[in-house]
Each structure stands twice: as structure tokens, then as C-alpha cells.
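Peer 1: Structure provided below as C-alpha cells; questions to follow.
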Protein chains: 2
Amino acid sequence: MSAIRGAVIWMTGLSGAGKSTLADALHQRLKEAGHASIVLDGDVLRRGLTAGLGFTPEDRAENLRRVAHVAALFMQQGFIAIAAVISPAHEHRRMAREIIGDGFVEVFVNAPLTVCEGRDVKGLYARARRGEIPHFTGISGPFDVPLDPDVMIETDRVSIEEAVDRLLVHLTAMGCLPRESGLGKPRLAK
Amino acid sequence: MSAIRGAVIWMTGLSGAGKSTLADALHQRLKEAGHASIVLDGDVLRRGLTAGLGFTPEDRAENLRRVAHVAALFMQQGFIAIAAVISPAHEHRRMAREIIGDGFVEVFVNAPLTVCEGRDVKGLYARARRGEIPHFTGISGPFDVPLDPDVMIETDRVSIEEAVDRLLVHLTAMGCLPRESGLGKPRLAK
């Protein structure tokens with residue numbers, strides 16, 4: 001029932017870019033197909049494993065270090081572990097890749113800042129603009145645009161379904177999903 | 001293939017009491033039977049997830065807090081997560097139980113200090129006696145004897161095979177293993 005081999009889908013991108021939504025959709029599709037997967041959502045983990053850490057550069061790095069180690073543990077068990085974490089710095093992604101090793105997939109969940117700010121689901125951008133949130137990525141903190149991600153998903157141009165399809169194709173090519181499952185085949189246009 | 005419901009086997013006890021050995025044996029037996037399980041060994045995790053933490057009371061508590069959260073994540077995925085961690089204080093076990101909730105099984109891996117010190121596989125007791133290791137449980141640091149563990153295994157009196165059998169019986173009674181597997185049935189004496 002588990003994947004042939006595990007992987008870590010490391011979703012990086014601005015707040016509001018659609019990481020959690022895409023992570024949940026991918027997880028759901030894998031689950032329906034009987035593949036072991038888990039979503040490691042940065043915001044959720046901050047209530048447990050990484051509680052007590054803030055958003056300073058040091059705390060962010062430590063937060064992501066722990067997420068990477070947990071993701072690696074699940075990958076080693078054959079899971080597709082889906083990390084939904086802003087991970088704004090090149091250094092963060094480099095560290096995660098190093099901890100996780102083979103099986104690490106950097107996915108840039110990309111939407112323009114204006115789009116993310118327009119969505120502002122949690123009202124965080126408005127607060128950050130008012131100067132209430134220091135180190136808020138894109139407003140009061142930097143975001144290093146990934147230079148060579150394994151997959152880029154432009155969430156303002158691609159539907160969630162298409163985005164999930166592209167990730168499944170990638171996972172199939174990596175040998176994480178059986179080719180005969182049909183999961184990793186691009187769907188015919190409707 | 002995974003367990004009916006997950007659980008955390010939290011093995012507490014002195015260094016040298018046999019936690020890792022018992023954890024590996026239980027894991028092996030569960031694996032052979034096709035049940036998802038993972039060993040979370042305190043010593044191993046200190047190279048990754050909990051790297052940088054020492055053995056002061058504060059660091060130990062933080063170490064065990066993280067182990068408990070990771071164990072809970074695996075339990076929620078249907079795993080039997082086996083934590084092999086000294087966890088010397090009542091407070092540590094109480095915290096782990098609170099984080100993990102239903103499914104937490106406190107297993108006291110019990111051997112007299114003299115026996116553990118006699119084994120001294122890693123030479124740590126000798127070093128602790130020479131005053132080289134502060135906060136070494138049983139020598140230069142306290143160990144609160146568990147007052148009401150769910151299972152107690154006296155490793156100087158019971159074989160590993162018997163000990164594993166007892167844990168499987170407990171897991172079966174909890175509904176974590178199917179009764180028809182025969183895994184949780186005490187073996188006939190040979």
C-alpha cells in the first residue's frame with residue numbers, strides 16, 4: 001500500500017501562494033490511490049514540534065531543520081511527505097536538501113506578491129503592512145526566489161488539479177509511484 | 001498492512017536496561033507480521049532532530065517533548081512508534097502522555113542499576129563514575145522509578161522473546177493488532 005520509495009515534496013513560497021491548499025490536494029489524491037503520504041504544514045507544526053520558535057532568521061532555520069528531519073523520517077518509511085513551509089532563504093532549501101538527500105523535491109509554489117496579498121486569507125499581509133509583524137516574508141522580511149526548483153507551480157495560472165497532476169508525473173518519473181497506476185499520467189484535456 | 005490503530009510504546013529506563021534491544025526486537029516482530037512500526041531511539045535522534053541538545057534538565061525535557069511529538073505523528077498514521085528514551089523524570093513521562101494522548105503506553109524497562117552498570121556496553125557508567133559525565137542518569141543524575149507503568153519488563157529476569165510477547169499481548173488488547181494475527185497470543189512453553 002505504501003509508495004515504492006519515499007520522497008519529500010518541499011513546497012516553498014510566499015504566505016498565500018497556495019502551499020497548504022496544494023499540499024492537501026496532493027495528499028488527498030495520493031490517499032485515494034492508497035499511497036502513504038502526510039502533510040507537514042509549517043503553521044500546524046508550530047503548535048507542537050516547533051512550538052516556542054518565532055520568525056527571526058535563527059528560529060526560522062531551526063524550525064525548518066526540524067521539519068526536514070521529520071520529513072526524512074517519513075520518507076524513509078516509504079511516505080510521500082509533503083512539507084508546506086515558506087522557507088524563504090536559499091540557505092533553508094539547501095539545508096533541507098542536505099538533510100533529506102535523495103528524494104528531496106523542491107517545489108516553488110509561485111504567485112506574485114500582489115496576488116498573495118490580494119488573497120490575504122489570514123489577514124496577515126494587512127497586519128504586516130501596518131508594521132505589526134516583523135520578519136513577515138515579502139513585506140518586512142526577504143524571500144529568495146528559487147533559482148532552480150525541481151518543479152514550479154504558478155498558482156495564479158494553473159488549476160489545483162493540473163498542479164497535482166504535474167507533481168504526480170514528477171513523482172512517477174522518480175520511481176515513487178508505479179507507472180501502471182496511471183496516477184502520473186497527464187489527463188486528457190476535457 | 002498498517003496497524004488497526006496506532007500506539008506509542010514509550011520505553012523508559014536506565015542506560016543499559018535494554019530499551020534499544022527490546023525496541024529493535026519488537027520492531028522486527030511487528031515488521032515480519034506486516035505491521036507499520038518505527039523505532040525512535042533517543043541516541044539516534046540526537047544526531048538529527050534533537051542535535052544540539054545536551055543532558056541538562058531543560059535540554060532533556062525539550063528533547064523528549066520533540067520525540068513525543070514525532071511519535072504522535074507516526075501513531076496518527078497508524079504506526080506502532082517505539083520510543084527508546086531514558087526519560088528519567090515523572091514529569092517527562094507525564095508530558096509525553098499528555099502530548100500523545102490515547103495510545104500512549106508507558107513501558108518500564110527495568111533492570112537494577114548494578115546490572116546496567118555491569119553491562120556498561122558503551123563504557124558510559126565507568127566514565128560517569130569517574131565524574132566525567134554530569135547528569136548521567138543513575139550516577140550523577142536522578143531516575144524517578146515509574147510508579148504505575150502500563151507494562152513493566154524486568155530485563156534481567158525475562159527473555160527478549162517473552163518481553164516482546166507481553167508487549168504484543170498488550171497491543172492486541174488495546175486494539176492495535178488484530179486478534180486473529182496470533183501475534184498477541186502468549187506462546188506455549190517449549
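Letters A, B, ... go to the chains of the C-alpha cells in the order shown; residues in each chain start at 1; ligands are counted from 1 in the same order.
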Near region 38-54 of chain A, within 6 Å and counting only C-alpha atoms, which residues show up once chain neighbours fewer than 3 positions away are dropped, as a list in words?
Peer 2: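 Here the qualifying residues turn out to be Asp59, Asn63, Ala81, Ile82, Ala83, Ala84 and Val85 of chain A; Arg66 and His69 of chain B.
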Peer 1: Can those selected residues be exported to a file as a compact mmCIF listing (two decimals), in the first residue's frame so that it contains N, CA and C atoms?
Peer 2:
```txt
# COMPACT_ATOMS: atom_id res chain seq x y z
N ASP A 59 15.44 31.36 14.35
CA ASP A 59 14.30 30.49 14.69
C ASP A 59 13.71 29.84 13.44
N ASN A 63 13.42 25.89 12.93
CA ASN A 63 12.11 25.36 12.60
C ASN A 63 12.19 24.44 11.37
N ALA A 81 6.17 12.59 1.89
CA ALA A 81 5.97 13.63 2.92
C ALA A 81 5.90 14.97 2.20
N ILE A 82 4.85 15.71 2.49
CA ILE A 82 4.63 16.99 1.81
C ILE A 82 4.80 18.11 2.83
N ALA A 83 5.91 18.84 2.71
CA ALA A 83 6.17 19.93 3.64
C ALA A 83 5.68 21.23 3.02
N ALA A 84 4.81 21.91 3.71
CA ALA A 84 4.30 23.20 3.25
C ALA A 84 4.87 24.26 4.18
N VAL A 85 5.97 24.84 3.73
CA VAL A 85 6.73 25.76 4.59
C VAL A 85 7.29 26.90 3.74
N ARG B 66 10.11 16.83 21.85
CA ARG B 66 10.16 16.63 20.39
C ARG B 66 9.94 15.16 20.02
N HIS B 69 6.29 14.42 20.16
CA HIS B 69 5.52 14.95 19.04
C HIS B 69 5.71 14.11 17.78
```
Peer 1: Can you give me chain A superposed onto chain B, least-squares on all Cα in order, written as a compact mmCIF listing (two decimals) with C-alpha atoms, in the first residue's frame?
Peer 2:
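Contents of selection.txt, freshly written:
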```txt
# COMPACT_ATOMS: atom_id res chain seq x y z
CA MET A 1 -0.79 -3.56 6.04
CA SER A 2 -0.72 -0.98 8.80
CA ALA A 3 -1.92 -1.47 12.34
CA ILE A 4 -5.61 -1.14 13.08
CA ARG A 5 -4.83 1.85 15.22
CA GLY A 6 -1.51 3.33 16.15
CA ALA A 7 0.19 3.47 19.50
CA VAL A 8 3.33 4.74 21.11
CA ILE A 9 5.38 2.27 23.13
CA TRP A 10 7.32 4.63 25.37
CA MET A 11 10.25 2.70 26.84
CA THR A 12 11.71 4.36 29.90
CA GLY A 13 14.61 3.03 31.92
CA LEU A 14 18.27 3.37 32.80
CA SER A 15 21.04 3.37 30.24
CA GLY A 16 21.88 -0.28 29.67
CA ALA A 17 18.49 -1.56 30.83
CA GLY A 18 17.82 -2.94 27.36
CA LYS A 19 15.49 -0.36 25.81
CA SER A 20 17.08 -0.28 22.36
CA THR A 21 17.48 -4.04 22.21
CA LEU A 22 13.85 -4.59 23.16
CA ALA A 23 12.69 -1.83 20.80
CA ASP A 24 14.52 -3.42 17.88
CA ALA A 25 13.17 -6.88 18.71
CA LEU A 26 9.58 -5.61 18.92
CA HIS A 27 10.01 -3.66 15.69
CA GLN A 28 11.38 -6.72 13.93
CA ARG A 29 8.47 -8.90 15.03
CA LEU A 30 5.89 -6.30 13.98
CA LYS A 31 7.63 -5.84 10.66
CA GLU A 32 7.62 -9.58 9.94
CA ALA A 33 3.88 -9.56 10.60
CA GLY A 34 3.41 -6.66 8.17
CA HIS A 35 2.58 -3.99 10.75
CA ALA A 36 3.90 -0.48 10.32
CA SER A 37 6.28 0.41 13.11
CA ILE A 38 9.27 2.63 13.70
CA VAL A 39 11.92 2.85 16.39
CA LEU A 40 12.60 6.33 17.67
CA ASP A 41 15.85 5.87 19.52
CA GLY A 42 16.84 8.79 21.73
CA ASP A 43 20.53 8.34 20.98
CA VAL A 44 19.96 8.22 17.22
CA LEU A 45 17.62 11.22 17.16
CA ARG A 46 20.25 13.26 18.97
CA ARG A 47 22.23 13.17 15.72
CA GLY A 48 19.34 14.84 13.87
CA LEU A 49 16.07 16.17 15.18
CA THR A 50 17.41 16.87 18.63
CA ALA A 51 21.03 17.64 17.75
CA GLY A 52 22.44 20.45 19.83
CA LEU A 53 20.56 19.50 22.96
CA GLY A 54 22.49 18.28 25.98
CA PHE A 55 21.53 16.48 29.16
CA THR A 56 20.62 19.32 31.49
CA PRO A 57 17.08 19.04 32.89
CA GLU A 58 15.87 21.70 30.43
CA ASP A 59 17.50 20.09 27.41
CA ARG A 60 16.27 16.64 28.36
CA ALA A 61 12.70 17.92 28.65
CA GLU A 62 12.91 19.64 25.25
CA ASN A 63 14.46 16.53 23.71
CA LEU A 64 11.63 14.34 24.98
CA ARG A 65 8.97 16.87 23.99
CA ARG A 66 10.17 16.62 20.38
CA VAL A 67 10.36 12.84 20.48
CA ALA A 68 6.80 12.73 21.82
CA HIS A 69 5.51 14.95 19.02
CA VAL A 70 7.20 12.86 16.33
CA ALA A 71 5.95 9.65 17.93
CA ALA A 72 2.44 11.12 17.92
CA LEU A 73 2.71 11.93 14.20
CA PHE A 74 3.62 8.33 13.41
CA MET A 75 0.91 6.99 15.71
CA GLN A 76 -1.64 9.12 13.87
CA GLN A 77 -0.53 7.39 10.68
CA GLY A 78 -1.32 4.00 12.19
CA PHE A 79 2.23 3.14 13.22
CA ILE A 80 3.36 1.45 16.38
CA ALA A 81 6.01 4.04 17.26
CA ILE A 82 8.56 2.69 19.71
CA ALA A 83 10.41 5.39 21.64
CA ALA A 84 13.54 4.20 23.42
CA VAL A 85 14.38 7.08 25.70
CA ILE A 86 15.68 7.15 29.28
CA SER A 87 13.12 9.87 30.18
CA PRO A 88 14.21 9.80 33.82
CA ALA A 89 11.62 12.08 35.41
CA HIS A 90 7.97 11.49 36.24
CA GLU A 91 7.41 14.85 34.60
CA HIS A 92 8.90 13.60 31.31
CA ARG A 93 6.53 10.65 31.10
CA ARG A 94 3.58 12.79 32.17
CA MET A 95 4.37 15.28 29.39
CA ALA A 96 4.73 12.53 26.78
CA ARG A 97 1.41 11.01 27.84
CA GLU A 98 -0.25 14.39 27.55
CA ILE A 99 1.19 15.12 24.08
CA ILE A 100 0.41 11.66 22.74
CA GLY A 101 -2.93 11.04 24.44
CA ASP A 102 -4.80 7.79 23.86
CA GLY A 103 -2.42 5.22 22.51
CA PHE A 104 0.42 6.10 24.89
CA VAL A 105 1.88 3.03 26.60
CA GLU A 106 4.43 3.55 29.34
CA VAL A 107 6.80 0.60 29.44
CA PHE A 108 9.28 0.49 32.28
CA VAL A 109 12.33 -1.37 31.02
CA ASN A 110 13.62 -2.27 34.40
CA ALA A 111 16.99 -3.66 35.42
CA PRO A 112 18.82 -2.91 38.64
CA LEU A 113 21.47 -0.24 38.42
CA THR A 114 24.13 -2.79 39.34
CA VAL A 115 23.09 -4.93 36.37
CA CYS A 116 23.07 -1.97 33.95
CA GLU A 117 26.41 -0.82 35.25
CA GLY A 118 27.77 -4.34 34.96
CA ARG A 119 26.72 -4.46 31.29
CA ASP A 120 28.06 -0.94 30.55
CA VAL A 121 28.06 -1.61 26.82
CA LYS A 122 29.16 1.90 25.90
CA GLY A 123 31.52 2.42 28.81
CA LEU A 124 29.41 5.34 29.98
CA TYR A 125 28.95 4.16 33.56
CA ALA A 126 32.70 3.92 34.05
CA ARG A 127 33.10 7.44 32.74
CA ALA A 128 30.23 8.70 34.89
CA ARG A 129 31.79 7.08 37.99
CA ARG A 130 35.00 8.92 37.19
CA GLY A 131 32.97 12.13 37.28
CA GLU A 132 33.36 12.72 33.54
CA ILE A 133 29.63 12.83 32.70
CA PRO A 134 27.40 15.23 34.58
CA HIS A 135 23.66 14.46 34.68
CA PHE A 136 24.27 10.77 33.96
CA THR A 137 21.08 9.03 34.98
CA GLY A 138 21.54 6.74 37.98
CA ILE A 139 25.02 8.03 38.81
CA SER A 140 25.16 11.81 38.68
CA GLY A 141 21.50 12.38 37.81
CA PRO A 142 18.20 11.15 39.26
CA PHE A 143 15.87 8.47 37.91
CA ASP A 144 12.30 8.54 39.15
CA VAL A 145 11.17 4.91 39.28
CA PRO A 146 7.85 4.71 37.36
CA LEU A 147 5.10 4.20 39.92
CA ASP A 148 2.37 2.90 37.66
CA PRO A 149 3.73 1.88 34.25
CA ASP A 150 1.37 0.18 31.80
CA VAL A 151 3.87 -2.64 31.36
CA MET A 152 7.03 -3.48 33.28
CA ILE A 153 9.72 -5.64 31.78
CA GLU A 154 12.47 -6.85 34.07
CA THR A 155 15.19 -7.50 31.55
CA ASP A 156 17.35 -9.41 33.98
CA ARG A 157 14.56 -11.95 34.53
CA VAL A 158 12.67 -12.21 31.25
CA SER A 159 13.96 -13.18 27.82
CA ILE A 160 13.66 -10.71 24.97
CA GLU A 161 11.22 -13.05 23.25
CA GLU A 162 8.96 -13.19 26.31
CA ALA A 163 9.19 -9.44 26.71
CA VAL A 164 8.13 -8.89 23.08
CA ASP A 165 5.26 -11.35 23.57
CA ARG A 166 4.00 -9.36 26.55
CA LEU A 167 4.07 -6.13 24.58
CA LEU A 168 2.20 -7.76 21.70
CA VAL A 169 -0.47 -9.02 24.10
CA HIS A 170 -0.84 -5.50 25.43
CA LEU A 171 -1.06 -3.99 21.94
CA THR A 172 -3.64 -6.57 20.92
CA ALA A 173 -5.76 -5.83 23.98
CA MET A 174 -5.61 -2.14 23.05
CA GLY A 175 -6.98 -2.90 19.60
CA CYS A 176 -3.74 -2.04 17.83
CA LEU A 177 -3.21 -5.52 16.41
CA PRO A 178 -5.88 -7.85 15.03
CA ARG A 179 -6.71 -10.68 17.42
CA GLU A 180 -6.69 -13.20 14.62
CA SER A 181 -3.03 -12.45 13.83
CA GLY A 182 -1.97 -14.66 16.70
CA LEU A 183 0.77 -12.13 17.37
CA GLY A 184 -0.65 -11.20 20.72
CA LYS A 185 -1.14 -14.73 21.98
CA PRO A 186 1.26 -15.91 24.63
CA ARG A 187 3.34 -18.75 23.22
CA LEU A 188 3.17 -22.20 24.70
CA ALA A 189 6.11 -22.99 26.88
CA LYS A 190 8.65 -25.08 25.03
```
Peer 1: Quick one: DSSP strand (DSSP E or B) residues in region 26-86 of chain A, as a list in words?
Peer 2: Ser37, Ile38, Val39, Leu40, Asp41, Ile80, Ala81, Ile82, Ala83 and Ala84 of chain A
Peer 1: Give the helix (DSSP H, G or I) residues of chain B, as DSSP finds them on the backbone, and put them as a JSON list (two decimals) with C-alpha atoms, in the first residue's frame.
Peer 2:
```
[["chain", "number", "residue", "atom", "x", "y", "z"],
["B", 19, "LYS", "CA", 15.48, -0.37, 25.82],
["B", 20, "SER", "CA", 17.08, -0.28, 22.36],
["B", 21, "THR", "CA", 17.46, -4.05, 22.21],
["B", 22, "LEU", "CA", 13.85, -4.59, 23.16],
["B", 23, "ALA", "CA", 12.68, -1.83, 20.81],
["B", 24, "ASP", "CA", 14.51, -3.42, 17.89],
["B", 25, "ALA", "CA", 13.15, -6.87, 18.71],
["B", 26, "LEU", "CA", 9.57, -5.60, 18.93],
["B", 27, "HIS", "CA", 10.00, -3.65, 15.71],
["B", 28, "GLN", "CA", 11.38, -6.72, 13.94],
["B", 29, "ARG", "CA", 8.46, -8.90, 15.05],
["B", 30, "LEU", "CA", 5.89, -6.29, 14.00],
["B", 31, "LYS", "CA", 7.63, -5.83, 10.67],
["B", 32, "GLU", "CA", 7.61, -9.56, 9.98],
["B", 42, "GLY", "CA", 16.86, 8.79, 21.72],
["B", 43, "ASP", "CA", 20.54, 8.33, 20.96],
["B", 44, "VAL", "CA", 19.96, 8.21, 17.21],
["B", 45, "LEU", "CA", 17.62, 11.22, 17.15],
["B", 57, "PRO", "CA", 17.09, 19.04, 32.86],
["B", 58, "GLU", "CA", 15.89, 21.71, 30.42],
["B", 59, "ASP", "CA", 17.51, 20.09, 27.39],
["B", 60, "ARG", "CA", 16.26, 16.64, 28.33],
["B", 61, "ALA", "CA", 12.72, 17.92, 28.64],
["B", 62, "GLU", "CA", 12.92, 19.64, 25.23],
["B", 63, "ASN", "CA", 14.47, 16.51, 23.71],
["B", 64, "LEU", "CA", 11.63, 14.35, 24.98],
["B", 65, "ARG", "CA", 8.99, 16.89, 24.01],
["B", 66, "ARG", "CA", 10.16, 16.63, 20.39],
["B", 67, "VAL", "CA", 10.36, 12.84, 20.49],
["B", 68, "ALA", "CA", 6.80, 12.72, 21.83],
["B", 69, "HIS", "CA", 5.52, 14.95, 19.04],
["B", 70, "VAL", "CA", 7.20, 12.86, 16.34],
["B", 71, "ALA", "CA", 5.94, 9.65, 17.95],
["B", 72, "ALA", "CA", 2.43, 11.12, 17.93],
["B", 73, "LEU", "CA", 2.70, 11.94, 14.21],
["B", 74, "PHE", "CA", 3.62, 8.33, 13.43],
["B", 75, "MET", "CA", 0.90, 6.99, 15.73],
["B", 76, "GLN", "CA", -1.65, 9.12, 13.90],
["B", 90, "HIS", "CA", 7.98, 11.50, 36.23],
["B", 91, "GLU", "CA", 7.42, 14.87, 34.57],
["B", 92, "HIS", "CA", 8.90, 13.60, 31.29],
["B", 93, "ARG", "CA", 6.52, 10.66, 31.10],
["B", 94, "ARG", "CA", 3.59, 12.82, 32.16],
["B", 95, "MET", "CA", 4.39, 15.29, 29.38],
["B", 96, "ALA", "CA", 4.74, 12.53, 26.78],
["B", 97, "ARG", "CA", 1.41, 11.03, 27.84],
["B", 98, "GLU", "CA", -0.25, 14.42, 27.54],
["B", 99, "ILE", "CA", 1.20, 15.13, 24.08],
["B", 100, "ILE", "CA", 0.41, 11.66, 22.75],
["B", 113, "LEU", "CA", 21.45, -0.24, 38.42],
["B", 114, "THR", "CA", 24.12, -2.80, 39.34],
["B", 115, "VAL", "CA", 23.07, -4.94, 36.38],
["B", 116, "CYS", "CA", 23.05, -1.99, 33.97],
["B", 117, "GLU", "CA", 26.40, -0.83, 35.27],
["B", 118, "GLY", "CA", 27.77, -4.34, 34.96],
["B", 119, "ARG", "CA", 26.71, -4.47, 31.29],
["B", 124, "LEU", "CA", 29.42, 5.32, 29.98],
["B", 125, "TYR", "CA", 28.95, 4.15, 33.56],
["B", 126, "ALA", "CA", 32.72, 3.91, 34.06],
["B", 127, "ARG", "CA", 33.10, 7.43, 32.73],
["B", 128, "ALA", "CA", 30.23, 8.69, 34.87],
["B", 129, "ARG", "CA", 31.79, 7.08, 37.97],
["B", 160, "ILE", "CA", 13.65, -10.70, 24.99],
["B", 161, "GLU", "CA", 11.23, -13.04, 23.26],
["B", 162, "GLU", "CA", 8.97, -13.18, 26.31],
["B", 163, "ALA", "CA", 9.19, -9.44, 26.71],
["B", 164, "VAL", "CA", 8.13, -8.90, 23.09],
["B", 165, "ASP", "CA", 5.26, -11.36, 23.59],
["B", 166, "ARG", "CA", 4.00, -9.38, 26.56],
["B", 167, "LEU", "CA", 4.06, -6.14, 24.59],
["B", 168, "LEU", "CA", 2.20, -7.77, 21.72],
["B", 169, "VAL", "CA", -0.47, -9.03, 24.11],
["B", 170, "HIS", "CA", -0.85, -5.51, 25.44],
["B", 171, "LEU", "CA", -1.07, -4.00, 21.95],
["B", 172, "THR", "CA", -3.65, -6.59, 20.92],
["B", 173, "ALA", "CA", -5.76, -5.85, 23.99],
["B", 179, "ARG", "CA", -6.68, -10.68, 17.42],
["B", 180, "GLU", "CA", -6.63, -13.20, 14.60],
["B", 181, "SER", "CA", -2.98, -12.43, 13.83]]
```
